[in-house]
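**Q** Here you go, upload23.cif (mmCIF, C-alpha atoms):
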data_start
loop_
_atom_site.label_atom_id
_atom_site.label_comp_id
_atom_site.auth_asym_id
_atom_site.auth_seq_id
_atom_site.Cartn_x
_atom_site.Cartn_y
_atom_site.Cartn_z
CA MET Y 1 72.83 199.34 80.43
CA SER Y 2 70.03 200.82 82.57
CA LEU Y 3 68.59 197.46 83.67
CA ARG Y 4 70.70 194.69 85.14
CA LYS Y 5 69.77 191.51 86.91
CA ARG Y 6 71.46 190.92 90.24
CA GLY Y 7 70.60 187.56 91.64
CA SER Y 8 66.87 187.06 91.24
CA LEU Y 9 65.99 190.77 91.13
CA TRP Y 10 66.42 193.50 88.55
CA SER Y 11 68.33 196.65 89.43
CA ILE Y 12 68.17 200.13 87.88
CA ASP Y 13 71.08 202.33 86.83
CA VAL Y 14 70.16 205.78 85.48
CA ILE Y 15 71.82 209.18 85.15
CA ALA Y 16 69.72 212.12 86.39
CA PRO Y 17 69.66 215.42 84.40
CA ASN Y 18 71.94 216.99 87.02
CA GLY Y 19 74.56 214.30 86.37
CA GLU Y 20 73.86 212.32 89.52
CA ARG Y 21 73.94 208.56 89.08
CA VAL Y 22 71.06 206.65 90.67
CA ARG Y 23 71.44 202.93 91.26
CA GLN Y 24 68.87 200.93 93.18
CA SER Y 25 66.95 197.68 93.15
CA ALA Y 26 63.64 197.50 91.34
CA GLY Y 27 62.54 194.93 93.90
CA THR Y 28 61.09 192.52 91.32
CA PRO Y 29 62.26 189.53 89.25
CA ASN Y 30 59.88 190.58 86.45
CA LYS Y 31 61.74 192.49 83.73
CA ALA Y 32 58.61 194.25 82.43
CA LEU Y 33 57.76 195.61 85.87
CA ALA Y 34 61.39 196.63 86.40
CA GLN Y 35 61.35 198.50 83.09
CA GLU Y 36 58.15 200.30 84.10
CA TYR Y 37 59.71 201.29 87.42
CA HIS Y 38 62.83 202.49 85.59
CA ASP Y 39 60.83 204.68 83.21
CA ARG Y 40 58.80 206.22 86.03
CA LEU Y 41 61.93 206.94 88.03
CA LYS Y 42 63.65 208.55 85.07
CA ALA Y 43 60.59 210.74 84.39
CA GLU Y 44 60.43 211.77 88.03
CA LEU Y 45 64.12 212.72 88.05
CA TRP Y 46 63.51 214.88 84.96
CA ARG Y 47 60.57 216.68 86.63
CA LEU Y 48 62.66 217.31 89.72
CA ALA Y 49 65.49 218.84 87.71
CA LYS Y 50 63.51 220.74 85.07
CA LEU Y 51 60.25 221.67 86.82
CA GLY Y 52 61.48 222.06 90.38
CA GLU Y 53 59.11 219.49 91.81
CA LYS Y 54 59.80 218.04 95.22
CA PRO Y 55 61.02 214.44 95.28
CA ARG Y 56 58.48 211.88 96.47
CA HIS Y 57 59.57 210.23 99.69
CA THR Y 58 58.09 207.16 101.29
CA TRP Y 59 57.12 206.51 104.88
CA ASN Y 60 60.16 204.23 105.10
CA ASP Y 61 62.45 207.14 104.15
CA ALA Y 62 60.88 209.24 106.89
CA VAL Y 63 61.24 206.50 109.53
CA VAL Y 64 64.92 205.98 108.74
CA ARG Y 65 65.66 209.70 109.02
CA TRP Y 66 63.50 210.09 112.13
CA LEU Y 67 65.35 207.32 113.96
CA LYS Y 68 68.69 208.77 112.92
CA GLU Y 69 67.82 212.24 114.23
CA SER Y 70 65.93 211.09 117.34
CA GLY Y 71 68.36 208.52 118.69
CA HIS Y 72 69.10 210.75 121.69
CA LYS Y 73 65.51 210.61 122.99
CA ALA Y 74 64.95 208.80 126.26
CA THR Y 75 61.79 207.27 124.80
CA ILE Y 76 63.33 206.16 121.49
CA GLY Y 77 62.79 202.51 122.45
CA ASN Y 78 59.06 203.07 122.72
CA ASP Y 79 59.12 205.01 119.44
CA ARG Y 80 60.66 202.02 117.67
CA ILE Y 81 57.91 199.75 119.01
CA HIS Y 82 55.20 202.10 117.73
CA LEU Y 83 56.91 202.52 114.35
CA ARG Y 84 57.13 198.76 113.90
CA TRP Y 85 53.40 198.54 114.55
CA LEU Y 86 52.68 201.35 112.07
CA ASP Y 87 54.78 199.59 109.42
CA ARG Y 88 51.96 197.16 108.63
CA TYR Y 89 49.80 200.08 107.43
CA LEU Y 90 52.38 202.53 106.03
CA ASN Y 91 55.23 200.41 104.69
CA GLY Y 92 56.19 201.56 101.18
CA LYS Y 93 53.54 204.29 101.01
CA SER Y 94 54.45 207.66 99.56
CA LEU Y 95 54.14 210.37 102.18
CA ASP Y 96 51.74 212.39 100.03
CA THR Y 97 49.30 209.45 99.98
CA ILE Y 98 48.95 209.35 103.79
CA SER Y 99 45.53 210.92 104.21
CA ARG Y 100 43.24 211.74 107.09
CA ALA Y 101 41.13 208.71 106.16
CA LEU Y 102 44.17 206.44 106.46
CA VAL Y 103 45.06 207.94 109.85
CA ASP Y 104 41.51 207.26 111.03
CA ARG Y 105 41.78 203.64 109.84
CA ILE Y 106 45.02 203.29 111.79
CA THR Y 107 43.30 204.68 114.88
CA ASP Y 108 40.40 202.24 114.52
CA ALA Y 109 42.78 199.32 113.99
CA LYS Y 110 44.67 200.09 117.19
CA LEU Y 111 41.44 200.50 119.16
CA ALA Y 112 40.28 197.13 117.82
CA GLU Y 113 43.14 195.52 119.73
CA GLY Y 114 41.28 196.38 122.93
CA VAL Y 115 43.81 198.90 124.21
CA SER Y 116 43.07 202.16 126.02
CA ASN Y 117 42.80 205.57 124.39
CA ALA Y 118 46.10 206.50 126.03
CA THR Y 119 47.87 203.59 124.32
CA VAL Y 120 46.39 204.59 120.96
CA ASN Y 121 47.53 208.17 121.51
CA ARG Y 122 51.14 207.11 122.13
CA VAL Y 123 51.18 205.55 118.65
CA LEU Y 124 49.45 208.55 117.05
CA GLU Y 125 51.91 210.95 118.72
CA VAL Y 126 54.82 209.25 116.97
CA LEU Y 127 52.97 209.29 113.63
CA ARG Y 128 52.14 212.98 114.06
CA ALA Y 129 55.72 213.86 115.05
CA VAL Y 130 57.19 212.16 111.97
CA LEU Y 131 54.70 213.82 109.61
CA ARG Y 132 55.26 217.25 111.15
CA ARG Y 133 58.99 216.89 110.69
CA CYS Y 134 58.39 215.97 107.05
CA VAL Y 135 56.61 219.32 106.65
CA ASN Y 136 58.49 221.71 108.94
CA ASP Y 137 62.08 220.45 108.98
CA TRP Y 138 62.71 218.34 105.89
CA GLU Y 139 60.25 220.05 103.51
CA TRP Y 140 59.24 216.71 102.07
CA LEU Y 141 55.55 217.63 102.27
CA ASP Y 142 53.64 220.86 101.80
CA ARG Y 143 51.14 219.80 104.44
CA ALA Y 144 50.37 216.78 106.58
CA PRO Y 145 46.99 215.34 107.54
CA GLN Y 146 45.68 216.29 110.96
CA VAL Y 147 46.21 213.55 113.53
CA ARG Y 148 43.51 213.83 116.19
CA MET Y 149 44.24 212.51 119.66
CA LEU Y 150 41.59 210.52 121.49
CA LYS Y 151 40.23 211.81 124.76
CA GLU Y 152 42.03 210.38 127.77
CA PRO Y 153 40.45 210.25 131.22
CA THR Y 154 42.26 212.34 133.80
CA ARG Y 155 43.89 209.91 136.20
CA ARG Y 156 43.93 210.53 139.92
CA ILE Y 157 47.42 210.96 141.31
CA ARG Y 158 48.08 207.81 143.34
CA PHE Y 159 50.19 208.35 146.44
CA LEU Y 160 50.60 206.85 149.89
CA ASP Y 161 50.22 208.44 153.28
CA ARG Y 162 53.04 208.05 155.80
CA ALA Y 163 51.49 205.06 157.53
CA GLU Y 164 50.94 203.19 154.26
CA ALA Y 165 54.49 203.92 153.13
CA GLN Y 166 55.93 202.59 156.38
CA ARG Y 167 53.80 199.48 156.13
CA LEU Y 168 55.02 198.84 152.59
CA LEU Y 169 58.68 199.29 153.52
CA THR Y 170 58.25 196.79 156.36
CA CYS Y 171 56.89 194.16 153.95
CA LEU Y 172 59.62 194.55 151.32
CA PRO Y 173 62.90 192.60 151.28
CA ALA Y 174 65.87 194.66 152.48
CA HIS Y 175 67.25 195.72 149.08
CA LEU Y 176 63.85 196.75 147.69
CA ALA Y 177 62.89 198.46 150.95
CA ASP Y 178 66.00 200.64 150.80
CA MET Y 179 65.48 201.40 147.12
CA ALA Y 180 61.87 202.38 147.82
CA ALA Y 181 62.91 204.51 150.82
CA PHE Y 182 65.55 206.21 148.68
CA THR Y 183 62.91 206.95 146.03
CA LEU Y 184 60.58 208.41 148.64
CA ALA Y 185 63.45 210.62 149.84
CA THR Y 186 64.67 211.80 146.42
CA GLY Y 187 61.83 211.30 143.91
CA LEU Y 188 64.17 209.66 141.40
CA ARG Y 189 62.73 207.52 138.64
CA ARG Y 190 63.16 203.76 138.83
CA ALA Y 191 65.90 203.56 136.19
CA ASN Y 192 67.88 206.27 137.95
CA VAL Y 193 67.69 204.40 141.24
CA THR Y 194 68.61 200.97 139.86
CA GLY Y 195 71.39 202.46 137.74
CA LEU Y 196 72.82 204.82 140.37
CA LEU Y 197 76.63 204.68 140.55
CA TRP Y 198 78.83 205.58 143.50
CA SER Y 199 80.59 208.02 141.17
CA GLN Y 200 77.32 209.99 141.11
CA VAL Y 201 77.16 210.36 144.89
CA ASP Y 202 78.94 212.78 147.22
CA LEU Y 203 77.97 211.93 150.81
CA GLU Y 204 80.07 214.73 152.29
CA ARG Y 205 78.17 217.34 150.31
CA ARG Y 206 74.94 215.31 150.64
CA LEU Y 207 74.42 215.47 146.91
CA ALA Y 208 73.84 213.08 144.01
CA TRP Y 209 73.44 213.87 140.34
CA ILE Y 210 71.86 212.37 137.27
CA HIS Y 211 73.73 212.89 134.00
CA PRO Y 212 71.83 214.26 130.97
CA ASP Y 213 71.95 210.94 129.12
CA GLN Y 214 70.32 209.25 132.13
CA ALA Y 215 67.50 211.77 132.55
CA LYS Y 216 64.17 211.50 130.74
CA ALA Y 217 64.28 215.19 129.76
CA ARG Y 218 67.95 214.83 128.76
CA LYS Y 219 68.96 217.52 131.27
CA ALA Y 220 71.26 217.01 134.24
CA ILE Y 221 69.50 216.77 137.61
CA ALA Y 222 71.06 217.77 140.93
CA VAL Y 223 69.67 215.59 143.75
CA PRO Y 224 69.99 216.99 147.27
CA LEU Y 225 70.17 214.13 149.79
CA ASN Y 226 68.12 214.53 152.94
CA ALA Y 227 68.85 212.62 156.15
CA ASP Y 228 66.76 209.59 155.09
CA ALA Y 229 68.57 209.31 151.74
CA VAL Y 230 71.99 209.59 153.40
CA LEU Y 231 71.15 206.83 155.89
CA VAL Y 232 70.12 204.51 153.06
CA LEU Y 233 73.33 205.16 151.11
CA GLN Y 234 75.51 204.61 154.16
CA ARG Y 235 73.99 201.15 154.60
CA TRP Y 236 75.04 200.20 151.05
CA ARG Y 237 78.56 201.57 151.17
CA GLY Y 238 81.14 198.97 150.12
CA LYS Y 239 78.65 196.32 148.97
CA HIS Y 240 79.44 196.82 145.26
CA PRO Y 241 82.42 198.53 143.62
CA THR Y 242 80.38 200.67 141.20
CA ARG Y 243 76.63 200.32 141.75
CA VAL Y 244 74.86 201.67 144.82
CA PHE Y 245 72.12 199.05 145.02
CA CYS Y 246 72.74 195.38 144.51
CA PHE Y 247 71.29 191.98 145.37
CA ARG Y 248 73.58 189.11 146.32
CA GLY Y 249 76.54 191.02 144.94
CA ARG Y 250 74.96 191.79 141.57
CA PRO Y 251 73.49 195.11 140.39
CA VAL Y 252 69.72 195.39 140.60
CA VAL Y 253 68.18 195.83 137.17
CA GLN Y 254 64.48 195.51 138.02
CA ALA Y 255 62.42 196.78 140.93
CA SER Y 256 58.86 195.74 140.03
CA THR Y 257 59.51 192.10 140.84
CA LYS Y 258 57.39 189.34 142.32
CA ALA Y 259 58.66 190.42 145.75
CA TRP Y 260 57.35 193.96 145.11
CA TYR Y 261 53.84 192.79 144.25
CA SER Y 262 53.85 190.33 147.15
CA ALA Y 263 54.75 193.16 149.55
CA LEU Y 264 51.93 195.32 148.18
CA GLU Y 265 49.49 192.50 148.86
CA LYS Y 266 50.82 191.96 152.39
CA ALA Y 267 50.62 195.69 153.11
CA GLY Y 268 47.05 195.85 151.82
CA ILE Y 269 47.90 198.42 149.14
CA ASP Y 270 46.01 198.24 145.84
CA ASP Y 271 46.48 199.97 142.49
CA PHE Y 272 50.06 201.08 143.16
CA ARG Y 273 53.07 200.98 140.83
CA TRP Y 274 56.74 201.59 141.58
CA HIS Y 275 56.51 204.92 139.72
CA ASP Y 276 53.81 205.97 142.21
CA LEU Y 277 56.60 206.26 144.79
CA ARG Y 278 57.73 209.29 142.80
CA HIS Y 279 54.17 210.63 142.87
CA THR Y 280 54.15 210.07 146.63
CA TRP Y 281 57.42 212.00 147.03
CA ALA Y 282 56.06 214.91 144.99
CA SER Y 283 52.72 214.89 146.83
CA TRP Y 284 54.42 214.99 150.23
CA HIS Y 285 56.57 217.90 149.07
CA VAL Y 286 53.57 219.94 147.95
CA GLN Y 287 51.63 219.11 151.12
CA ASN Y 288 54.58 220.38 153.15
CA GLY Y 289 54.73 223.68 151.29
CA THR Y 290 57.41 223.16 148.64
CA PRO Y 291 56.73 225.67 145.82
CA LEU Y 292 55.91 224.15 142.45
CA PHE Y 293 58.87 225.84 140.74
CA ALA Y 294 61.25 224.26 143.26
CA LEU Y 295 59.55 220.87 142.90
CA GLN Y 296 59.96 221.06 139.12
CA GLU Y 297 63.71 221.51 139.49
CA LEU Y 298 64.03 218.84 142.16
CA GLY Y 299 62.13 216.32 140.05
CA GLY Y 300 63.79 217.16 136.75
CA TRP Y 301 60.50 217.83 134.95
CA GLU Y 302 60.88 219.62 131.63
CA SER Y 303 57.56 221.48 131.76
CA ALA Y 304 55.67 223.18 134.56
CA GLU Y 305 52.49 221.48 133.33
CA MET Y 306 53.75 218.15 134.65
CA VAL Y 307 54.21 219.63 138.12
CA ARG Y 308 50.79 221.28 138.19
CA ARG Y 309 49.27 217.82 138.61
CA TYR Y 310 50.15 218.18 142.29
CA ALA Y 311 48.99 221.78 142.75
CA HIS Y 312 45.61 220.79 144.21
CA LEU Y 313 47.34 219.15 147.18
CA SER Y 314 48.32 222.51 148.63
CA ALA Y 315 46.12 225.58 148.99
CA ASP Y 316 48.12 227.51 151.59
CA HIS Y 317 48.82 230.30 149.10
CA LEU Y 318 45.07 230.64 148.46
CA ALA Y 319 44.03 230.80 152.13
CA PRO Y 320 44.32 234.63 152.42
CA TYR Y 321 41.98 235.02 149.45
CA ALA Y 322 39.47 232.57 150.92
CA ASP Y 323 39.47 234.53 154.19
CA ARG Y 324 38.38 237.68 152.37
CA LEU Y 325 34.84 236.32 152.48
CA GLY Y 326 34.37 236.11 156.23
CA ALA Y 327 31.55 234.40 158.09
CA LEU Y 328 28.07 235.95 157.90
CA ARG Y 329 27.56 237.60 161.30
CA ASP Y 330 24.96 239.94 162.75
CA VAL Y 331 25.61 242.96 164.91
CA ASP Y 332 25.79 240.74 168.02
CA GLY Y 333 28.59 238.66 166.52
CA GLN Y 334 26.36 235.59 166.02
CA ILE Y 335 26.94 233.40 162.96
CA HIS Y 336 23.75 232.75 161.02
CA GLY Y 337 22.61 230.65 158.13
CA THR Y 338 22.68 227.19 159.77
CA ASN Y 339 19.73 227.45 162.20
CA PRO Y 340 16.41 226.83 160.41
CA SER Y 341 14.46 228.46 163.28
CA GLN Y 342 15.97 231.87 162.51
CA SER Y 343 13.70 234.19 160.61
CA PRO Y 344 14.68 235.28 157.08
CA LYS Y 345 13.92 238.87 158.10
CA ARG Y 346 16.77 238.90 160.61
CA GLN Y 347 19.27 237.04 158.41
CA GLY Y 348 18.89 239.41 155.44
CA PRO Y 349 20.33 242.63 156.93
CA ALA Y 350 23.05 240.68 158.84
CA SER Y 351 24.23 239.06 155.61
CA LEU Y 352 24.40 242.37 153.83
CA GLN Y 353 26.31 243.95 156.71
CA ALA Y 354 28.88 241.18 156.57
CA LEU Y 355 29.50 241.75 152.88
CA GLU Y 356 29.71 245.55 153.06
#
For the file at hand, write its structure as structure tokens.
**A**
Amino acid sequence: MSLRKRGSLWSIDVIAPNGERVRQSAGTPNKALAQEYHDRLKAELWRLAKLGEKPRHTWNDAVVRWLKESGHKATIGNDRIHLRWLDRYLNGKSLDTISRALVDRITDAKLAEGVSNATVNRVLEVLRAVLRRCVNDWEWLDRAPQVRMLKEPTRRIRFLDRAEAQRLLTCLPAHLADMAAFTLATGLRRANVTGLLWSQVDLERRLAWIHPDQAKARKAIAVPLNADAVLVLQRWRGKHPTRVFCFRGRPVVQASTKAWYSALEKAGIDDFRWHDLRHTWASWHVQNGTPLFALQELGGWESAEMVRRYAHLSADHLAPYADRLGALRDVDGQIHGTNPSQSPKRQGPASLQALE
């Protein structure tokens, strides 16, 4: 029998033209609706087998497969949050019914929550990635609607100067001060600092390493330890059997605590997050002449574009080109152009001579 009642709901049991047996719930206690669903499913299976049509998949099918294939991503937790939010608009919808108009409604709905364009874009990026995979990898769709990103303001890189950094370290409790100092010495992300194990540290070689499953880009990172980093690690030797940093004998799991924000206030530092310690480390490197390609490897960035955010902090490599346009001098070696009492007649030939 093709229709059977299981509990309060009807279920469907049909044989496809290729011999495959399809059994699934109709999702309704109404027999007439279940019969209609059964007939539509049977007709669709016939079209797939005889006419070569692509099967119709739902957004739910895509989400399940996406999560299965993307479980290795460092940001999969954030993806799940965004997908749960999208569920209220896309749950049960066939992929071929997701239109540009629907994407725009989703964008407007997220903006209506009062969030920033950047927050909206993080949701849209997940939606776009799933739809693109439906087209390019799974061939569930012939084409997907365009998902337009909103314009995001370019944020200024927030970093501390040496005096501010020292002031902050002085105001922090000992365990946070050492974790912050270690971050300023290595540029490691917060999770890599709080989760650092002694098995990842070699003080004799002055080297630490981050395993691929701990890195945001899922690539191993070698971390050279300078003198400041080594001093910090030596202070924490023997305080915990496995973790480097601990508090009252227990591993530290959070750095942005009440003590962190209290120290910022005491130090007179505004608009500064823990992650900005990494920006500070990178900014100091560039200001001291570290090439961007070396900084990219030190910081474990996947793309050079991420590192170019710091390029404006160093112009040493451009100085020779700037010097090609020397000062405007006359035949007597006098620099002109700043004294309003000088006559234009005299400045003209001198300027031309300087550029010849």
**Q** Could you tell me, as a ChimeraX atom specification, which residues have any atom at most 10 Å from (60.0, 196.5, 94.0), counting only C-alpha atoms?
**A** /Y:9-11,24-30,33-34,37,92
**Q** Please write the residues from the selection above to a file, keeping C-alpha atoms, as a PDB file, in the frame of the given file.
**A**
ATOM      1  CA  LEU Y   9      65.990 190.770  91.130  1.00  0.00           C
ATOM      2  CA  TRP Y  10      66.420 193.500  88.550  1.00  0.00           C
ATOM      3  CA  SER Y  11      68.330 196.650  89.430  1.00  0.00           C
ATOM      4  CA  GLN Y  24      68.870 200.930  93.180  1.00  0.00           C
ATOM      5  CA  SER Y  25      66.950 197.680  93.150  1.00  0.00           C
ATOM      6  CA  ALA Y  26      63.640 197.500  91.340  1.00  0.00           C
ATOM      7  CA  GLY Y  27      62.540 194.930  93.900  1.00  0.00           C
ATOM      8  CA  THR Y  28      61.090 192.520  91.320  1.00  0.00           C
ATOM      9  CA  PRO Y  29      62.260 189.530  89.250  1.00  0.00           C
ATOM     10  CA  ASN Y  30      59.880 190.580  86.450  1.00  0.00           C
ATOM     11  CA  LEU Y  33      57.760 195.610  85.870  1.00  0.00           C
ATOM     12  CA  ALA Y  34      61.390 196.630  86.400  1.00  0.00           C
ATOM     13  CA  TYR Y  37      59.710 201.290  87.420  1.00  0.00           C
ATOM     14  CA  GLY Y  92      56.190 201.560 101.180  1.00  0.00           C
TER      15      GLY Y  92
END
**Q** I'd like to know which of Y:Arg189, Y:Arg243, Y:His312, Y:Arg88 is closest to Trp281 in chain Y, using all atoms listed in the file.
**A**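 Closest residue, counting all atoms listed in the file: Y:Arg189.
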**Q** Measure the distance from CA of Ala165 in chain Y to CA of Glu152 in chain Y in Å and round it to one decimal.
**A** 29.0 Å
**Q** Expand the PyMOL selection byres ((chain Y and resi 130) around 12) into the individual residues it matches in the shown file, reporting them as an MDAnalysis selection string.
**A** chainID Y and resid 58:67 69:70 79 82:83 86 95 98 123:129 131:141 144:145 147
**Q** At what distance in Å, to one decimal, does CA of Thr186 in chain Y lie from CA of Arg273 in chain Y?
**A**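 Atom-to-atom, CA of Arg273 in chain Y to CA of Thr186 in chain Y, that is 16.8 Å.
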**Q** In Å to one decimal, how far is CA of Leu196 in chain Y from CA of Met179 in chain Y?
**A**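 Straight-line distance from CA of Met179 in chain Y to CA of Leu196 in chain Y works out to 10.5 Å.
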**Q** May I ask which of the residues Y:Glu20, Y:Leu168, Y:Arg122, Y:Gln214 is the closest one to Arg80 in chain Y, counting only C-alpha atoms?
**A**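 Checking each of Y:Glu20, Y:Leu168, Y:Arg122, Y:Gln214 against Arg80 in chain Y, counting only C-alpha atoms, the winner is Y:Arg122.
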**Q** Closest to Arg162 in chain Y among Y:Leu184, Y:Met149, Y:Leu45, Y:Ala16, using only C-alpha atoms?
**A**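 With only C-alpha atoms as the atom set, the closest residue is Y:Leu184.
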**Q** Kindly resolve the PyMOL selection byres ((chain Y and resi 197) around 8) on the present coordinates and return the residues as a PyMOL selection string.
**A** chain Y and resi 195-196+198-201+242-244
**Q** Next, dump the selected residues to file, keeping only C-alpha atoms, as an mmCIF file, in the coordinates of the input.
**A**
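Result went into selection21.cif, see below:
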data_model
loop_
_atom_site.group_PDB
_atom_site.id
_atom_site.type_symbol
_atom_site.label_atom_id
_atom_site.label_comp_id
_atom_site.auth_asym_id
_atom_site.auth_seq_id
_atom_site.Cartn_x
_atom_site.Cartn_y
_atom_site.Cartn_z
ATOM 1 C CA GLY Y 195 71.390 202.460 137.740
ATOM 2 C CA LEU Y 196 72.820 204.820 140.370
ATOM 3 C CA TRP Y 198 78.830 205.580 143.500
ATOM 4 C CA SER Y 199 80.590 208.020 141.170
ATOM 5 C CA GLN Y 200 77.320 209.990 141.110
ATOM 6 C CA VAL Y 201 77.160 210.360 144.890
ATOM 7 C CA THR Y 242 80.380 200.670 141.200
ATOM 8 C CA ARG Y 243 76.630 200.320 141.750
ATOM 9 C CA VAL Y 244 74.860 201.670 144.820
#
**Q** Need to verify the contact set: Asp178 in chain Y, 10 Å, only C-alpha atoms, exclusion of same-chain residues closer than 5 positions in sequence. Can you return it as a list of chain:residue names?
**A**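 Once the adjacent positions are removed, what remains is Y:Leu169, Y:Leu172, Y:Pro173, Y:Thr183, Y:Leu184, Y:Asp228, Y:Ala229, Y:Leu231, Y:Val232, Y:Leu233, Y:Arg235, Y:Trp236, Y:Phe245.
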**Q** Check what the PyMOL selection byres ((chain Y and resi 314-316) around 10) selects in the file above and give those residues as a ChimeraX atom specification.
**A** /Y:283-292,310-313,317-322
**Q** Skip Asp213 in chain Y itself and residues of its chain fewer than 4 positions away, then list as a ChimeraX atom specification all residues within 8 Å of it, counting all atoms listed in the file.
**A** /Y:72,74,218-220
**Q** Restricted to N, CA and C atoms, what does range 55-67 of chain Y look like when written out as a PDB file, in the first residue's frame?
**A**
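The result, written out as decode-v4.pdb:
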ATOM      1  N   PRO Y  55      16.280  16.598  -9.990  1.00  0.00           N
ATOM      2  CA  PRO Y  55      15.379  16.531  -8.829  1.00  0.00           C
ATOM      3  C   PRO Y  55      15.295  17.892  -8.149  1.00  0.00           C
ATOM      4  N   ARG Y  56      14.132  18.186  -7.571  1.00  0.00           N
ATOM      5  CA  ARG Y  56      13.959  19.450  -6.859  1.00  0.00           C
ATOM      6  C   ARG Y  56      14.391  19.255  -5.417  1.00  0.00           C
ATOM      7  N   HIS Y  57      15.347  20.070  -5.018  1.00  0.00           N
ATOM      8  CA  HIS Y  57      15.847  20.017  -3.644  1.00  0.00           C
ATOM      9  C   HIS Y  57      15.372  21.247  -2.882  1.00  0.00           C
ATOM     10  N   THR Y  58      15.245  21.090  -1.597  1.00  0.00           N
ATOM     11  CA  THR Y  58      14.832  22.200  -0.748  1.00  0.00           C
ATOM     12  C   THR Y  58      16.039  22.850  -0.099  1.00  0.00           C
ATOM     13  N   TRP Y  59      15.790  24.022   0.468  1.00  0.00           N
ATOM     14  CA  TRP Y  59      16.825  24.722   1.230  1.00  0.00           C
ATOM     15  C   TRP Y  59      17.323  23.836   2.372  1.00  0.00           C
ATOM     16  N   ASN Y  60      16.415  23.089   2.997  1.00  0.00           N
ATOM     17  CA  ASN Y  60      16.808  22.212   4.094  1.00  0.00           C
ATOM     18  C   ASN Y  60      17.802  21.154   3.632  1.00  0.00           C
ATOM     19  N   ASP Y  61      17.576  20.595   2.435  1.00  0.00           N
ATOM     20  CA  ASP Y  61      18.516  19.616   1.882  1.00  0.00           C
ATOM     21  C   ASP Y  61      19.901  20.239   1.726  1.00  0.00           C
ATOM     22  N   ALA Y  62      19.916  21.465   1.239  1.00  0.00           N
ATOM     23  CA  ALA Y  62      21.191  22.152   0.999  1.00  0.00           C
ATOM     24  C   ALA Y  62      21.914  22.433   2.312  1.00  0.00           C
ATOM     25  N   VAL Y  63      21.171  22.841   3.335  1.00  0.00           N
ATOM     26  CA  VAL Y  63      21.786  23.150   4.629  1.00  0.00           C
ATOM     27  C   VAL Y  63      22.412  21.903   5.241  1.00  0.00           C
ATOM     28  N   VAL Y  64      21.682  20.790   5.182  1.00  0.00           N
ATOM     29  CA  VAL Y  64      22.209  19.543   5.743  1.00  0.00           C
ATOM     30  C   VAL Y  64      23.509  19.151   5.050  1.00  0.00           C
ATOM     31  N   ARG Y  65      23.527  19.231   3.723  1.00  0.00           N
ATOM     32  CA  ARG Y  65      24.743  18.842   2.993  1.00  0.00           C
ATOM     33  C   ARG Y  65      25.865  19.845   3.229  1.00  0.00           C
ATOM     34  N   TRP Y  66      25.528  21.114   3.294  1.00  0.00           N
ATOM     35  CA  TRP Y  66      26.533  22.154   3.541  1.00  0.00           C
ATOM     36  C   TRP Y  66      27.227  21.922   4.878  1.00  0.00           C
ATOM     37  N   LEU Y  67      26.447  21.668   5.916  1.00  0.00           N
ATOM     38  CA  LEU Y  67      27.024  21.459   7.244  1.00  0.00           C
ATOM     39  C   LEU Y  67      27.889  20.196   7.277  1.00  0.00           C
TER      40      LEU Y  67
END
